[in-house]
$ cat coords.txt   # compact mmCIF, C-alpha atoms
# COMPACT_ATOMS: atom_id res chain seq x y z
CA MET A 1 0.00 0.00 0.00
CA ASN A 2 1.69 3.15 -1.19
CA LYS A 3 0.69 6.75 -0.86
CA LEU A 4 -0.85 8.16 -4.00
CA SER A 5 0.81 11.28 -5.37
CA LEU A 6 -1.05 14.42 -6.35
CA PHE A 7 -0.53 13.61 -10.01
CA GLY A 8 -1.64 10.03 -9.41
CA LEU A 9 -4.86 11.29 -7.85
CA LEU A 10 -5.50 13.64 -10.77
CA ARG A 11 -5.01 10.74 -13.17
CA LEU A 12 -7.30 8.54 -11.10
CA VAL A 13 -10.13 11.09 -11.15
CA ILE A 14 -9.85 11.74 -14.89
CA GLY A 15 -9.52 8.02 -15.64
CA ARG A 16 -12.54 7.24 -13.51
CA ASP A 17 -14.78 9.80 -15.20
CA LEU A 18 -13.70 8.67 -18.66
CA MET A 19 -14.28 5.02 -17.74
CA LEU A 20 -17.75 5.83 -16.40
CA ALA A 21 -18.56 7.74 -19.57
CA MET A 22 -17.50 4.75 -21.67
CA ARG A 23 -19.89 2.55 -19.67
CA ARG A 24 -22.80 4.91 -20.37
CA ARG A 25 -22.01 6.29 -23.79
CA ALA A 26 -25.48 7.69 -24.37
CA ASP A 27 -24.75 10.65 -22.09
CA VAL A 28 -21.71 11.71 -24.11
CA LEU A 29 -23.40 11.16 -27.44
CA THR A 30 -26.43 13.27 -26.46
CA THR A 31 -24.26 16.36 -26.10
CA LEU A 32 -22.51 15.80 -29.40
CA ILE A 33 -25.67 14.96 -31.33
CA PHE A 34 -27.42 18.03 -29.89
CA PHE A 35 -24.53 20.18 -31.11
CA VAL A 36 -24.57 18.65 -34.61
CA MET A 37 -28.37 18.95 -34.84
CA VAL A 38 -28.56 22.58 -33.77
CA VAL A 39 -25.80 23.69 -36.13
CA SER A 40 -27.22 21.66 -39.03
CA LEU A 41 -30.71 23.11 -38.59
CA PHE A 42 -29.57 26.65 -39.38
CA PRO A 43 -28.70 26.21 -43.06
CA LEU A 44 -32.02 24.42 -43.49
CA GLY A 45 -33.97 27.14 -41.74
CA VAL A 46 -32.21 30.18 -43.11
CA GLY A 47 -31.86 29.05 -46.70
CA PRO A 48 -28.89 28.37 -48.95
CA GLU A 49 -27.57 31.92 -49.38
CA LEU A 50 -23.84 31.35 -48.97
CA ASP A 51 -22.98 34.95 -48.10
CA MET A 52 -25.37 35.00 -45.18
CA LEU A 53 -24.38 31.52 -44.00
CA ARG A 54 -20.68 32.43 -44.03
CA LYS A 55 -21.46 35.49 -41.95
CA MET A 56 -23.47 33.71 -39.30
CA ALA A 57 -21.36 30.54 -39.11
CA PRO A 58 -19.09 31.47 -36.19
CA GLY A 59 -21.99 32.74 -34.11
CA VAL A 60 -24.13 29.66 -34.74
CA VAL A 61 -21.32 27.22 -33.98
CA TRP A 62 -20.36 29.04 -30.82
CA VAL A 63 -23.90 29.43 -29.48
CA ALA A 64 -24.56 25.74 -30.18
CA ALA A 65 -21.34 24.83 -28.37
CA LEU A 66 -22.38 26.98 -25.42
CA LEU A 67 -25.83 25.39 -25.20
CA SER A 68 -24.63 21.83 -25.60
CA SER A 69 -22.01 22.31 -22.91
CA MET A 70 -24.88 23.36 -20.59
CA LEU A 71 -26.59 20.01 -21.24
CA SER A 72 -24.03 17.93 -19.41
CA LEU A 73 -23.35 20.35 -16.53
CA GLY A 74 -26.10 18.96 -14.34
CA ARG A 75 -24.42 15.57 -14.30
CA MET A 76 -20.99 16.91 -13.43
CA PHE A 77 -21.26 16.44 -9.68
CA SER A 78 -24.80 15.17 -9.07
CA ALA A 79 -24.08 11.45 -9.53
CA ASP A 80 -21.13 11.62 -7.16
CA TYR A 81 -23.22 13.61 -4.72
CA LEU A 82 -26.05 11.08 -4.70
CA ASP A 83 -23.94 7.94 -4.27
CA GLY A 84 -21.62 9.40 -1.64
CA THR A 85 -18.45 9.56 -3.74
CA LEU A 86 -18.34 13.31 -3.26
CA GLU A 87 -18.08 12.83 0.51
CA GLN A 88 -15.04 10.65 -0.07
CA MET A 89 -13.57 13.23 -2.44
CA LEU A 90 -13.85 15.88 0.25
CA LEU A 91 -11.95 13.56 2.57
CA ALA A 92 -9.11 12.96 0.12
CA PRO A 93 -5.78 13.84 1.71
CA GLN A 94 -4.93 16.12 -1.21
CA SER A 95 -6.23 19.49 -2.23
CA LEU A 96 -9.89 19.32 -3.26
CA SER A 97 -9.12 21.89 -5.99
CA VAL A 98 -6.94 19.32 -7.74
CA LEU A 99 -9.73 16.75 -7.64
CA VAL A 100 -12.12 19.32 -9.02
CA LEU A 101 -9.63 20.21 -11.76
CA GLY A 102 -9.53 16.52 -12.67
CA LYS A 103 -13.31 16.41 -12.94
CA ILE A 104 -13.33 19.60 -15.04
CA LEU A 105 -10.70 18.21 -17.41
CA ALA A 106 -12.65 14.96 -17.77
CA HIS A 107 -15.82 16.94 -18.42
CA TRP A 108 -14.06 18.94 -21.11
CA MET A 109 -12.67 15.81 -22.78
CA LEU A 110 -16.19 14.39 -22.93
CA SER A 111 -18.22 17.46 -23.82
CA GLY A 112 -15.80 20.07 -25.18
CA LEU A 113 -13.22 18.14 -27.15
CA PRO A 114 -15.77 16.27 -29.33
CA LEU A 115 -17.27 19.65 -30.28
CA VAL A 116 -13.84 20.97 -31.28
CA LEU A 117 -13.30 17.92 -33.47
CA MET A 118 -16.76 18.13 -35.07
CA ALA A 119 -16.70 21.90 -35.67
CA PRO A 120 -14.69 21.88 -38.94
CA VAL A 121 -17.09 19.38 -40.52
CA LEU A 122 -20.03 21.55 -39.51
CA GLY A 123 -18.24 24.68 -40.67
CA LEU A 124 -18.16 23.22 -44.19
CA GLN A 125 -21.97 23.33 -44.26
CA PHE A 126 -21.65 27.09 -43.91
CA ASP A 127 -19.03 27.32 -46.66
CA MET A 128 -16.43 28.68 -44.26
CA PRO A 129 -12.99 29.28 -45.82
CA VAL A 130 -10.18 27.01 -44.63
CA GLN A 131 -8.41 29.78 -42.76
CA ALA A 132 -11.55 30.63 -40.82
CA LEU A 133 -12.05 26.96 -39.99
CA TRP A 134 -8.60 26.79 -38.40
CA VAL A 135 -9.31 29.86 -36.33
CA LEU A 136 -12.68 28.39 -35.33
CA ILE A 137 -10.91 25.26 -34.09
CA ALA A 138 -8.34 27.34 -32.21
CA SER A 139 -11.00 29.52 -30.60
CA LEU A 140 -13.05 26.48 -29.56
CA LEU A 141 -9.94 24.78 -28.24
CA LEU A 142 -9.24 27.79 -26.02
CA GLY A 143 -12.85 28.61 -25.20
CA THR A 144 -14.58 25.30 -24.44
CA PRO A 145 -12.36 24.54 -21.40
CA VAL A 146 -13.44 27.92 -19.98
CA LEU A 147 -17.09 26.89 -20.46
CA SER A 148 -16.43 23.67 -18.51
CA MET A 149 -14.69 25.60 -15.75
CA ILE A 150 -17.34 28.28 -15.31
CA GLY A 151 -19.97 25.56 -15.60
CA ALA A 152 -18.33 23.61 -12.78
CA VAL A 153 -18.80 26.57 -10.43
CA GLY A 154 -22.48 26.77 -11.35
CA ALA A 155 -22.95 23.00 -11.04
CA ALA A 156 -21.33 22.98 -7.61
CA LEU A 157 -23.43 25.89 -6.38
CA THR A 158 -26.71 24.32 -7.48
CA LEU A 159 -25.85 20.84 -6.22
CA GLY A 160 -28.74 19.14 -4.45
CA LEU A 161 -31.25 21.85 -5.40
CA ARG A 162 -34.51 20.98 -7.07
CA GLY A 163 -34.66 22.32 -10.61
CA GLY A 164 -30.91 22.83 -10.47
CA GLY A 165 -30.61 22.13 -14.18
CA VAL A 166 -32.40 25.28 -15.26
CA LEU A 167 -30.85 27.36 -12.53
CA VAL A 168 -27.35 26.38 -13.53
CA SER A 169 -27.97 27.63 -17.08
CA LEU A 170 -29.27 30.95 -15.76
CA LEU A 171 -26.20 31.30 -13.56
CA VAL A 172 -23.60 30.22 -16.05
CA LEU A 173 -24.76 31.57 -19.42
CA PRO A 174 -24.24 35.28 -18.59
CA LEU A 175 -20.74 34.49 -17.32
CA CYS A 176 -19.92 32.79 -20.61
CA ILE A 177 -20.70 35.87 -22.71
CA PRO A 178 -17.05 37.07 -22.89
CA VAL A 179 -15.99 33.68 -24.21
CA LEU A 180 -18.72 33.86 -26.84
CA ILE A 181 -17.75 37.39 -27.90
CA PHE A 182 -14.04 36.70 -28.28
CA GLY A 183 -14.61 33.26 -29.78
CA THR A 184 -16.84 34.51 -32.56
CA GLY A 185 -14.78 37.71 -32.81
CA ALA A 186 -11.67 35.74 -33.68
CA VAL A 187 -13.38 33.98 -36.60
CA GLU A 188 -15.03 37.17 -37.85
CA ALA A 189 -11.73 39.03 -37.70
CA VAL A 190 -10.01 36.47 -39.87
CA SER A 191 -12.94 36.38 -42.31
CA SER A 192 -12.71 40.12 -42.80
CA GLY A 193 -8.99 39.93 -43.44
CA MET A 194 -7.67 41.01 -40.05
CA SER A 195 -5.56 39.08 -37.60
CA ALA A 196 -7.30 36.89 -35.03
CA VAL A 197 -4.37 36.99 -32.64
CA SER A 198 -5.80 39.63 -30.31
CA HIS A 199 -9.06 37.74 -29.84
CA LEU A 200 -7.29 34.44 -29.34
CA SER A 201 -4.91 36.02 -26.83
CA LEU A 202 -7.84 37.33 -24.83
CA LEU A 203 -9.42 33.87 -24.91
CA GLY A 204 -6.12 32.44 -23.72
CA ALA A 205 -6.06 34.97 -20.91
CA LEU A 206 -9.60 34.01 -19.91
CA LEU A 207 -8.54 30.36 -19.94
CA LEU A 208 -5.60 31.02 -17.62
CA LEU A 209 -7.69 33.14 -15.29
CA ALA A 210 -10.38 30.47 -15.12
CA LEU A 211 -7.76 27.76 -14.61
CA VAL A 212 -6.45 29.55 -11.54
CA LEU A 213 -9.74 30.64 -9.97
CA THR A 214 -12.53 28.21 -10.84
CA PRO A 215 -11.19 24.95 -9.32
CA TRP A 216 -10.77 26.70 -6.01
CA VAL A 217 -14.17 28.41 -6.12
CA THR A 218 -15.82 25.13 -7.14
CA ALA A 219 -14.13 23.34 -4.25
CA GLN A 220 -15.48 25.92 -1.80
CA ALA A 221 -18.96 25.65 -3.30
CA LEU A 222 -18.84 21.85 -2.97
CA ARG A 223 -17.91 22.13 0.71
CA ILE A 224 -20.90 24.40 1.26
CA SER A 225 -23.21 21.99 -0.57
CA MET A 226 -22.08 19.06 1.58
CA GLU A 227 -22.81 20.75 4.88
CA MET B 1 -5.15 11.50 19.94
CA LEU B 2 -8.64 12.62 19.02
CA GLU B 3 -9.96 15.18 21.44
CA ILE B 4 -13.37 16.80 21.35
CA ARG B 5 -13.96 19.82 23.54
CA ASN B 6 -17.31 21.50 24.27
CA LEU B 7 -18.62 20.59 20.86
CA ALA B 8 -22.04 21.91 19.81
CA CYS B 9 -23.88 21.19 16.62
CA THR B 10 -26.98 22.79 15.15
CA ARG B 11 -29.01 21.74 12.14
CA GLY B 12 -31.14 24.64 10.97
CA ASP B 13 -32.39 26.29 14.17
CA HIS B 14 -32.41 23.04 16.06
CA LEU B 15 -29.66 22.41 18.60
CA LEU B 16 -28.65 18.74 18.36
CA PHE B 17 -26.11 18.61 21.14
CA SER B 18 -23.88 20.98 23.05
CA ASP B 19 -21.01 20.84 25.51
CA LEU B 20 -19.93 17.48 24.24
CA SER B 21 -16.42 16.53 25.35
CA PHE B 22 -14.59 13.24 24.99
CA SER B 23 -11.31 11.91 23.81
CA LEU B 24 -10.18 8.80 22.07
CA SER B 25 -6.71 7.33 22.21
CA ALA B 26 -4.96 4.49 20.42
CA GLY B 27 -6.67 1.13 20.75
CA GLU B 28 -10.00 2.51 21.90
CA LEU B 29 -13.45 1.73 20.57
CA LEU B 30 -16.28 4.21 20.95
CA GLN B 31 -19.92 3.63 20.14
CA VAL B 32 -22.11 6.68 19.66
CA GLN B 33 -25.62 5.89 20.85
CA GLY B 34 -28.87 7.75 20.76
CA GLU B 35 -32.37 7.62 19.38
CA ASN B 36 -33.10 8.54 15.78
CA GLY B 37 -32.56 12.22 15.13
CA LYS B 38 -30.36 12.80 18.18
CA GLY B 39 -27.39 13.75 16.03
CA LYS B 40 -25.27 10.61 15.71
CA THR B 41 -24.63 11.06 12.01
CA SER B 42 -24.20 14.81 12.47
CA LEU B 43 -21.56 14.17 15.12
CA LEU B 44 -19.65 11.81 12.83
CA ARG B 45 -19.94 14.23 9.92
CA THR B 46 -18.68 17.02 12.16
CA LEU B 47 -15.70 14.83 13.04
CA CYS B 48 -15.05 14.47 9.30
CA GLY B 49 -15.10 18.22 8.86
CA PHE B 50 -18.21 18.27 6.63
CA ILE B 51 -20.12 20.28 9.19
CA VAL B 52 -18.50 23.25 10.87
CA PRO B 53 -19.24 22.98 14.62
CA ALA B 54 -21.41 25.72 16.11
CA ALA B 55 -19.06 25.81 19.09
CA GLY B 56 -16.11 23.92 20.46
CA GLU B 57 -13.23 22.26 18.69
CA ILE B 58 -11.95 18.95 17.44
CA ARG B 59 -8.27 18.22 17.88
CA TRP B 60 -6.21 15.48 16.27
CA ARG B 61 -2.77 14.92 17.81
CA GLY B 62 -3.16 18.24 19.60
CA GLN B 63 -4.06 20.35 16.57
CA ASN B 64 -7.38 21.62 15.31
CA ILE B 65 -8.60 19.51 12.39
CA GLY B 66 -9.51 22.67 10.46
CA GLU B 67 -5.83 23.66 10.49
CA LEU B 68 -4.52 20.16 9.85
CA ASP B 69 -6.91 19.59 6.95
CA GLU B 70 -5.12 17.21 4.57
CA GLU B 71 -2.81 15.74 7.21
CA TYR B 72 -5.86 14.74 9.23
CA TYR B 73 -7.65 13.29 6.22
CA ALA B 74 -4.60 11.15 5.44
CA GLU B 75 -5.08 9.44 8.80
CA MET B 76 -8.79 8.73 8.76
CA VAL B 77 -11.33 6.70 6.83
CA TYR B 78 -15.02 7.53 6.86
CA LEU B 79 -17.75 5.16 5.84
CA GLY B 80 -21.14 6.83 5.69
CA HIS B 81 -24.66 5.67 4.98
CA LEU B 82 -23.84 5.88 1.29
CA ASN B 83 -21.45 3.30 -0.09
CA ALA B 84 -19.76 5.61 -2.61
CA LEU B 85 -19.85 2.87 -5.24
CA LYS B 86 -20.50 3.29 -8.95
CA ASP B 87 -23.08 0.84 -10.35
CA GLU B 88 -21.37 0.68 -13.73
CA LEU B 89 -17.97 -0.32 -12.36
CA ASN B 90 -17.04 -3.68 -10.90
CA ALA B 91 -16.03 -4.30 -7.30
CA LEU B 92 -12.33 -4.23 -8.11
CA GLU B 93 -12.49 -0.92 -9.99
CA ASN B 94 -14.62 0.58 -7.26
CA LEU B 95 -12.13 -0.46 -4.60
CA HIS B 96 -9.23 0.99 -6.61
CA ILE B 97 -11.05 4.29 -6.85
CA SER B 98 -12.18 4.54 -3.25
CA ALA B 99 -8.70 3.62 -2.01
CA GLY B 100 -7.22 6.16 -4.42
CA LEU B 101 -9.49 8.92 -3.17
CA ALA B 102 -8.40 8.06 0.36
CA GLY B 103 -4.83 8.55 -0.83
CA TRP B 104 -3.65 4.95 -1.28
CA ALA B 105 -2.39 3.32 -4.44
CA VAL B 106 -3.48 -0.32 -4.33
CA ASP B 107 -2.42 -2.99 -6.81
CA ASP B 108 -4.77 -5.68 -8.11
CA ARG B 109 -3.36 -8.38 -5.84
CA GLN B 110 -4.04 -6.39 -2.66
CA ALA B 111 -7.47 -5.32 -3.86
CA ILE B 112 -8.52 -8.86 -4.76
CA ALA B 113 -7.19 -10.15 -1.44
CA ALA B 114 -9.24 -7.50 0.41
CA LEU B 115 -12.41 -8.36 -1.53
CA ARG B 116 -11.93 -12.08 -0.90
CA HIS B 117 -11.36 -11.40 2.76
CA MET B 118 -14.73 -9.65 2.78
CA GLY B 119 -16.32 -12.80 1.36
CA LEU B 120 -16.64 -11.63 -2.23
CA ARG B 121 -14.68 -14.43 -3.91
CA GLY B 122 -15.88 -14.78 -7.50
CA ARG B 123 -17.64 -11.41 -7.42
CA GLU B 124 -14.54 -9.27 -7.97
CA THR B 125 -15.24 -8.43 -11.59
CA LEU B 126 -19.02 -8.26 -11.54
CA PRO B 127 -20.60 -4.84 -12.01
CA VAL B 128 -21.71 -3.55 -8.63
CA LYS B 129 -25.27 -3.08 -9.89
CA VAL B 130 -25.83 -6.85 -9.93
CA LEU B 131 -24.65 -7.27 -6.33
CA SER B 132 -27.04 -7.36 -3.39
CA GLN B 133 -27.20 -4.60 -0.79
CA GLY B 134 -25.16 -6.65 1.66
CA GLN B 135 -22.53 -7.42 -0.94
CA ARG B 136 -22.28 -3.74 -1.87
CA ARG B 137 -21.74 -2.92 1.77
CA ARG B 138 -18.98 -5.52 1.84
CA VAL B 139 -17.29 -3.88 -1.16
CA ALA B 140 -17.47 -0.53 0.63
CA LEU B 141 -16.06 -2.07 3.83
CA ALA B 142 -13.16 -3.61 1.90
CA ARG B 143 -11.83 -0.05 1.74
CA LEU B 144 -10.96 -0.33 5.43
CA LEU B 145 -8.59 -3.20 4.63
CA VAL B 146 -6.60 -1.39 1.96
CA CYS B 147 -6.33 2.03 3.61
CA ASN B 148 -3.71 2.20 6.27
CA ALA B 149 -5.34 4.89 8.41
CA PRO B 150 -5.48 4.80 12.22
CA LEU B 151 -8.88 6.47 12.69
CA TRP B 152 -12.02 4.76 11.42
CA ILE B 153 -15.29 6.66 11.52
CA LEU B 154 -18.10 4.26 10.67
CA ASP B 155 -21.71 5.33 10.35
CA GLU B 156 -23.95 2.26 10.67
CA PRO B 157 -21.34 -0.10 9.20
CA LEU B 158 -23.52 -3.16 9.82
CA THR B 159 -26.51 -2.10 7.71
CA ALA B 160 -27.59 -4.89 5.35
CA LEU B 161 -24.87 -7.25 6.58
CA ASP B 162 -25.65 -10.88 7.43
CA VAL B 163 -24.54 -12.60 10.64
CA GLY B 164 -21.34 -13.88 9.08
CA ALA B 165 -20.32 -10.44 7.87
CA VAL B 166 -21.11 -8.89 11.25
CA GLY B 167 -18.74 -11.43 12.80
CA LEU B 168 -16.13 -10.52 10.19
CA MET B 169 -16.52 -6.81 11.01
CA GLN B 170 -16.03 -7.54 14.72
CA GLU B 171 -12.82 -9.38 13.84
CA LEU B 172 -11.63 -6.54 11.61
CA ILE B 173 -12.29 -3.93 14.27
CA GLY B 174 -10.51 -6.11 16.85
CA GLU B 175 -7.43 -6.44 14.60
CA HIS B 176 -7.45 -2.71 13.88
CA LEU B 177 -7.60 -1.83 17.57
CA ALA B 178 -4.80 -4.28 18.32
CA LYS B 179 -2.65 -2.30 15.87
CA ASP B 180 -3.29 0.87 17.92
CA GLY B 181 -6.13 1.96 15.68
CA MET B 182 -9.16 3.93 16.81
CA VAL B 183 -12.77 3.30 15.87
CA ILE B 184 -15.83 5.49 16.33
CA PHE B 185 -19.05 3.96 15.11
CA THR B 186 -22.80 4.10 15.38
CA THR B 187 -25.02 1.07 15.17
CA HIS B 188 -28.37 -0.17 16.36
CA GLN B 189 -27.16 -3.77 16.30
CA PRO B 190 -25.11 -5.35 19.07
CA LEU B 191 -21.41 -5.37 18.27
CA GLU B 192 -18.99 -7.10 20.64
CA VAL B 193 -15.29 -7.06 20.10
CA ALA B 194 -13.41 -9.69 22.10
CA GLY B 195 -10.89 -8.35 24.57
CA VAL B 196 -11.73 -4.69 24.04
CA GLU B 197 -13.72 -2.51 26.36
CA LEU B 198 -16.49 -0.78 24.45
CA ARG B 199 -16.95 2.84 25.46
CA ARG B 200 -20.36 4.32 24.93
CA LEU B 201 -21.32 7.91 24.26
CA THR B 202 -25.02 8.59 24.51
CA LEU B 203 -26.54 11.61 22.81
CA ALA B 204 -29.72 12.68 24.53

$ encode --input "coords.txt" --output "structure tokens"
Amino acid sequence: MNKLSLFGLLRLVIGRDLMLAMRRRADVLTTLIFFVMVVSLFPLGVGPELDMLRKMAPGVVWVAALLSSMLSLGRMFSADYLDGTLEQMLLAPQSLSVLVLGKILAHWMLSGLPLVLMAPVLGLQFDMPVQALWVLIASLLLGTPVLSMIGAVGAALTLGLRGGGVLVSLLVLPLCIPVLIFGTGAVEAVSSGMSAVSHLSLLGALLLLALVLTPWVTAQALRISME
Amino acid sequence: MLEIRNLACTRGDHLLFSDLSFSLSAGELLQVQGENGKGKTSLLRTLCGFIVPAAGEIRWRGQNIGELDEEYYAEMVYLGHLNALKDELNALENLHISAGLAGWAVDDRQAIAALRHMGLRGRETLPVKVLSQGQRRRVALARLLVCNAPLWILDEPLTALDVGAVGLMQELIGEHLAKDGMVIFTTHQPLEVAGVELRRLTLA
């Protein structure tokens, strides 16, 4: 019996969440299919005018990503809360923030990363130029982790509340507006011939800020929920 | 080792207990008694640090547990009403995870040995959802075997266990106490550990 290191614990938490997701794949697929459906409905609803589609593509993809990442937030901590695993997590002899970071990373791998990988395929429906597609991927890669992190705070705060699912969206969506603005801004900038670097840098800054603050805030919120 | 001084606990506006003082040293066994709703679980959860006491303090090796935080958690195991098991995972995976969360890296050999000791031979790789309530409890209790922590806080450990498993638990607690461990537990069933004086704390 050896002591588990901090890194070992992080790996354990991420591995556990991924393994659980593999055992109930439907949950992961719902998020992804929702994203694909919402984005695909727009060209059908708006009509095949390529100019308009190109213009609205970044906004549509980003809003769909935002909404589909809300779908899985409710499950982030609730299963662990109900079966008592969360109690044991609070009693782990390592920082709770690290455990929370592990859960956030696992959540992103299951709900954010698939969106990043699907986005270029969906972008083609909107006739997005290749350069814009790359920037879209980059902005999603920087932005979706922030959505998972902010979402974790909301999920932890609404843990154990009735109707928490709706409440968490109301709490989290306004906080995600900056990510949405800079994410779509980056793609629009590149489409209109400017550089996307400033928008992407701001997204990167948001990511770093969230990385430092949200695990700690989430950990505090979880402690309050367990009382 | 574990010292509780003038502890008070409130749930909502209701005062559960106040001025509670006791201490527990190596090799001692303490049973928390009381009718339903008298605060047994709340006391144990306060000892785990989930609930901030309304008054008083809890000291482990002379230091407040709030200040010790992770050092304290490295030396205790808590088993609550909930088993903290995932239905989709098998007993072995569940044990790996619960031991890991308690800070211990366990290899397969140790984990299987612990599960077999708890009478789960042949059930090691079955998903927990097909196990009975008593067997699930046994999987949860196997955690005690693989975590090398001196303080055990057990909330109704005997729920759903059959006579054989209750006997096994008595043996386990006896062995743990012989190794200078400490056990605080609540139960409504009789639990006798050979050769150890059972201290009782009654919440009224």

$ closest_atom_pairs --input "coords.txt" --of "segment 65-179 of chain A" --to "segment 205-225 of chain A" --cutoff "10 Å" --atoms "all atoms listed in the file" --output "tab-separated table"
residue	atom	partner	partner_atom	distance
A:Phe77	CA	A:Leu222	CA	9.0
A:Tyr81	CA	A:Ser225	CA	9.4
A:Leu86	CA	A:Leu222	CA	8.6
A:Glu87	CA	A:Arg223	CA	9.3
A:Leu90	CA	A:Arg223	CA	7.5
A:Ser95	CA	A:Ala219	CA	9.0
A:Leu96	CA	A:Ala219	CA	5.9
A:Ser97	CA	A:Pro215	CA	5.0
A:Val98	CA	A:Pro215	CA	7.2
A:Leu99	CA	A:Pro215	CA	8.5
A:Val100	CA	A:Pro215	CA	5.7
A:Leu101	CA	A:Pro215	CA	5.6
A:Gly102	CA	A:Pro215	CA	9.2
A:Lys103	CA	A:Pro215	CA	9.5
A:Ile104	CA	A:Pro215	CA	8.1
A:Leu142	CA	A:Leu207	CA	6.6
A:Gly143	CA	A:Leu207	CA	7.0
A:Thr144	CA	A:Leu207	CA	9.1
A:Pro145	CA	A:Leu207	CA	7.1
A:Val146	CA	A:Leu207	CA	5.5
A:Leu147	CA	A:Leu207	CA	9.2
A:Ser148	CA	A:Ala210	CA	9.7
A:Met149	CA	A:Thr214	CA	6.0
A:Ile150	CA	A:Thr214	CA	6.6
A:Gly151	CA	A:Thr214	CA	9.2
A:Ala152	CA	A:Thr218	CA	6.4
A:Val153	CA	A:Thr218	CA	4.7
A:Gly154	CA	A:Thr218	CA	8.0
A:Ala155	CA	A:Thr218	CA	8.4
A:Ala156	CA	A:Leu222	CA	5.4
A:Leu157	CA	A:Ala221	CA	5.4
A:Thr158	CA	A:Ser225	CA	8.1
A:Leu159	CA	A:Ser225	CA	6.3
A:Gly160	CA	A:Ser225	CA	7.3
A:Leu161	CA	A:Ser225	CA	9.4
A:Pro178	CA	A:Leu206	CA	8.6
A:Val179	CA	A:Leu206	CA	7.7

$ interface_residues --input "coords.txt" --of "chain A" --to "chain B" --cutoff "7 Å" --atoms "all atoms listed in the file" --output "ChimeraX atom specification"
/A:1-4,9,20,23,83-85,88-89,91-94,226-227

$ closest_residue --input "coords.txt" --among "B:Leu154, B:Leu131, B:Ile184, B:Ala140" --to "Leu201 of chain B" --atoms "all atoms listed in the file"
B:Ile184

$ atom_distance --input "coords.txt" --atom1 "atom CA of Leu71 of chain A" --atom2 "atom CA of Leu53 of chain A"
25.6 Å

$ atom_distance --input "coords.txt" --atom1 "atom CA of Ala160 of chain B" --atom2 "atom CA of Leu92 of chain B"
20.4 Å

$ atom_distance --input "coords.txt" --atom1 "atom CA of Leu113 of chain A" --atom2 "atom CA of Gly164 of chain A"
24.8 Å

$ residues_around --input "coords.txt" --residues "segment 58-68 of chain A" --least-positions-apart "3" --cutoff "8 Å" --atoms "all atoms listed in the file" --output "list in words"
Thr31, Leu32, Phe34, Phe35, Val38, Val39, Phe42, Lys55, Leu71, Ser72, Ser111, Gly112, Leu115, Ala119, Gly123, Leu136, Leu140, Thr144, Leu147, Leu173, Cys176, Leu180, Gly183, Thr184, Val187 and Glu188 of chain A

$ closest_residue --input "coords.txt" --among "A:Val28, A:Gln125, A:Phe182, A:Leu82" --to "Gly47 of chain A" --atoms "only C-alpha atoms"
A:Gln125

$ axis_aligned_box --input "coords.txt" --around "segment 88-96 of chain B" --padding-each-side "5 Å" --output "lines of an AutoDock Vina configuration file"
center_x = -15.3
center_y = -1.7
center_z = -9.2
size_x = 22.1
size_y = 15.3
size_z = 19.1

$ residues_near_point --input "coords.txt" --point "(-21.6, -9.2, -3.1)" --cutoff "9 Å" --atoms "all atoms listed in the file" --output "JSON, numbers by chain"
{"B": [91, 119, 120, 121, 123, 124, 126, 128, 130, 131, 132, 133, 134, 135, 136, 137, 138, 139]}

$ residues_around --input "coords.txt" --residues "Leu30 of chain B" --least-positions-apart "2" --cutoff "8 Å" --atoms "all atoms listed in the file" --output "list in words"
Leu24, Glu28, Val32, Val183, Ile184, Phe185, Leu198, Arg199, Arg200 and Leu201 of chain B

$ write_last_selection --input "coords.txt" --atoms "C-alpha atoms" --output "short mmCIF file (atom, residue, chain, number, x, y, z; two decimals), in the frame of the given file"
data_model
loop_
_atom_site.label_atom_id
_atom_site.label_comp_id
_atom_site.auth_asym_id
_atom_site.auth_seq_id
_atom_site.Cartn_x
_atom_site.Cartn_y
_atom_site.Cartn_z
CA LEU B 24 -10.18 8.80 22.07
CA GLU B 28 -10.00 2.51 21.90
CA VAL B 32 -22.11 6.68 19.66
CA VAL B 183 -12.77 3.30 15.87
CA ILE B 184 -15.83 5.49 16.33
CA PHE B 185 -19.05 3.96 15.11
CA LEU B 198 -16.49 -0.78 24.45
CA ARG B 199 -16.95 2.84 25.46
CA ARG B 200 -20.36 4.32 24.93
CA LEU B 201 -21.32 7.91 24.26
#

$ decode --input "coords.txt" --residues "segment 141-155 of chain A" --atoms "C-alpha atoms" --output "compact mmCIF listing (two decimals), in the first residue's frame"
# COMPACT_ATOMS: atom_id res chain seq x y z
CA LEU A 141 -9.94 24.78 -28.24
CA LEU A 142 -9.24 27.79 -26.02
CA GLY A 143 -12.85 28.61 -25.20
CA THR A 144 -14.58 25.30 -24.44
CA PRO A 145 -12.36 24.54 -21.40
CA VAL A 146 -13.44 27.92 -19.98
CA LEU A 147 -17.09 26.89 -20.46
CA SER A 148 -16.43 23.67 -18.51
CA MET A 149 -14.69 25.60 -15.75
CA ILE A 150 -17.34 28.28 -15.31
CA GLY A 151 -19.97 25.56 -15.60
CA ALA A 152 -18.33 23.61 -12.78
CA VAL A 153 -18.80 26.57 -10.43
CA GLY A 154 -22.48 26.77 -11.35
CA ALA A 155 -22.95 23.00 -11.04
